[in-house]
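Q: Submitted below is the structure of interest, expressed as structure tokens.
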Amino acid sequence: EIKQAFLATGMQRFFRCVAFEYLSLEGVTDAYVRDYTRTVGEEGYKSGPNNQFFGSLKRMSQYGRYAFLMEVDCVPLRRGWLSRLQQIISSSEDFWILGSAYRGGETLAPTNTHHINGNAVYAVGDLGFQQFVAEFWEPHTWRLIRENDKRLAYDCILGIMFSESNLQTPELLKIWKDTAHLFRYSDYIQNISAARDLAETDAAADQQRAVG
């Protein structure tokens, strides 16, 4: 049905094909629990999104150097968005992650202030990035979830590991110095997804409908 819709809507004008990758996530590896009072396993409340993210990074390496992860609660805001994103990527120095800092009206925890939202471009075809994910990002994700906070999601982990307090550790400071230039903030992708931002967006939409 998805392939039929792909063809029916003319999406082949923009994408070469549609492909499906199955990650075999089930049970405790595929959880997304919003009620934090419930009991969950060692992989935490967001085991599904976290496992899906790291599994997808590995699978996407076969398709090219860069992959754009559009999370399911995100939508394009204007026509020609994909062509513009391609232009930004092709004109940029090499990077590992290109995405948005939080741009909304909430006050975030200090460890989240500089994090790049998961709705971003990743250098999946870069062997150095894949090594960084396998040896640093993913192991620390599961460690922090297991030892610190079962609510954590993958896109918060680098902000925590490279926070001011952690960079007092010589080993982490060296990793940061070696890789900081590969994490890029973009004005093109906008992270405005906190509760206050969504409420303001809904209010603006209601007002527009009333005027219309």
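In the structure tokens, each chain is lettered A, B, ... as it comes, each chain's residues begin at 1, and ligands are numbered from 1 in order of appearance.
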How would you write, as an mmCIF file with N, CA and C atoms, in the first residue's frame, the set of residues in stretch 106-191 of chain A that DSSP gives as strand (DSSP E or B)?

A:
```
data_model
loop_
_atom_site.group_PDB
_atom_site.id
_atom_site.type_symbol
_atom_site.label_atom_id
_atom_site.label_comp_id
_atom_site.auth_asym_id
_atom_site.auth_seq_id
_atom_site.Cartn_x
_atom_site.Cartn_y
_atom_site.Cartn_z
ATOM 1 N N VAL A 121 20.368 15.413 9.995
ATOM 2 C CA VAL A 121 21.111 14.718 8.941
ATOM 3 C C VAL A 121 22.318 14.044 9.577
ATOM 4 N N TYR A 122 22.560 12.785 9.213
ATOM 5 C CA TYR A 122 23.645 12.008 9.797
ATOM 6 C C TYR A 122 24.555 11.451 8.693
ATOM 7 N N PHE A 183 29.884 18.386 14.581
ATOM 8 C CA PHE A 183 28.485 18.558 15.007
ATOM 9 C C PHE A 183 28.051 19.971 14.649
ATOM 10 N N ARG A 184 27.094 20.104 13.738
ATOM 11 C CA ARG A 184 26.725 21.405 13.188
ATOM 12 C C ARG A 184 25.284 21.777 13.523
ATOM 13 N N TYR A 185 25.110 23.022 13.927
ATOM 14 C CA TYR A 185 23.760 23.563 14.120
ATOM 15 C C TYR A 185 23.289 24.199 12.820
ATOM 16 N N ASN A 191 13.829 23.082 15.864
ATOM 17 C CA ASN A 191 13.319 22.285 16.979
ATOM 18 C C ASN A 191 12.538 23.201 17.914
#
```

Q: Taking only stretch 39-211 of chain A into account, list the residues labelled helix (DSSP H, G or I) by DSSP (computed from the backbone), as an NGL selection string.

A: :A and (47-60 or 81-90 or 110-112 or 127-147 or 154-161 or 166-168 or 170-182 or 195-211)

Q: Which residues of stretch 55-150 of chain A sit at most 8 Å from stretch 28-46 of chain A, using only C-alpha atoms? Give each one's shortest atom pair and distance in Å (one decimal place), in chain and ascending residue order, as CSV.

A:
```
residue,atom,partner,partner_atom,distance
A:Trp142,CA,A:Glu43,CA,6.5
A:Ile145,CA,A:Gly44,CA,6.2
A:Arg146,CA,A:Glu42,CA,5.5
A:Asp149,CA,A:Gly44,CA,8.0
A:Lys150,CA,A:Gly44,CA,4.3
```

Q: What is the atom CA of A:Ser100-atom CA of A:Phe15 distance in Å, reported with one decimal?

A: 24.0 Å

Q: Using only C-alpha atoms, find the one residue out of A:Arg79, A:Arg13, A:Lys3, A:His181 that sits nearest to A:Trp96.

A: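 Using only C-alpha atoms, the shortest distance to A:Trp96 belongs to A:His181.
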
Q: From the list A:Asn119, A:Lys174, A:Ala134, A:Gln190, which residue is nearest A:Leu77 when using only C-alpha atoms?

A: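 Ranked by minimum distance to A:Leu77, first place goes to A:Gln190.
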
Q: If we count only C-alpha atoms, what is near A:Arg59 at a cut-off of 12 Å, once residues fewer than 6 positions away on the same chain are taken out, given as a PyMOL selection string?

A: chain A and resi 19-23+52-53+67+124-125+130

Q: Between atom CA of A:Phe95 and atom CA of A:Ile192, what distance in Å does the model show, to one decimal?

A: 23.0 Å

Q: Find the distance between atom CA of A:Ala195 and atom CA of A:Ala109 and write it in Å to one decimal.

A: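 Distance between the two atoms: 14.6 Å.
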
Q: When you look at A:Tyr154 with a cut-off of 8 Å (counting only C-alpha atoms), what residues show up, excluding the ones that are within fewer than 4 positions of it in the same chain? I need them as a list in words.

A: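 Using only C-alpha atoms, the neighbours found are Asn50, Phe53, Gly118, Glu138 and Thr141 of chain A.
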
Q: I need the chosen residues saved as a tab-separated table (two decimals), in the first residue's frame, with N, CA, C and O atoms.

A:
```tsv
chain	number	residue	atom	x	y	z
A	50	ASN	N	15.07	4.44	20.67
A	50	ASN	CA	16.53	4.36	20.79
A	50	ASN	C	17.10	3.21	19.95
A	50	ASN	O	18.08	3.38	19.22
A	53	PHE	N	16.75	4.05	16.26
A	53	PHE	CA	17.74	5.03	15.81
A	53	PHE	C	19.08	4.37	15.51
A	53	PHE	O	19.62	4.50	14.41
A	118	GLY	N	17.09	15.06	17.43
A	118	GLY	CA	17.27	13.86	16.61
A	118	GLY	C	16.79	13.98	15.19
A	118	GLY	O	17.21	13.21	14.31
A	138	GLU	N	26.35	4.90	21.31
A	138	GLU	CA	25.40	3.87	21.72
A	138	GLU	C	25.74	3.25	23.08
A	138	GLU	O	24.84	3.12	23.93
A	141	THR	N	24.70	5.60	25.76
A	141	THR	CA	23.24	5.71	25.83
A	141	THR	C	22.67	4.66	26.77
A	141	THR	O	21.92	4.97	27.71
```

Q: Which is closer to A:Glu135 than all the others in A:Ser83, A:Leu98, A:Phe54, A:Asp197, using only C-alpha atoms?

A: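 For A:Glu135, the nearest of the candidates is A:Phe54.
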
Q: Between A:Gly55, A:Pro139, A:Gly64, A:Pro170, which is the closest to A:Ile157 once you count only C-alpha atoms?

A: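 Once distances to A:Ile157 are computed over only C-alpha atoms, the minimum belongs to A:Pro139.
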
Q: Just checking: using only C-alpha atoms, which residue out of A:Gly104, A:Pro49, A:Gly128, A:Gly10 ends up closest to A:Asp155?

A: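 Ranking A:Gly104, A:Pro49, A:Gly128, A:Gly10 by distance to A:Asp155, first place goes to A:Pro49.
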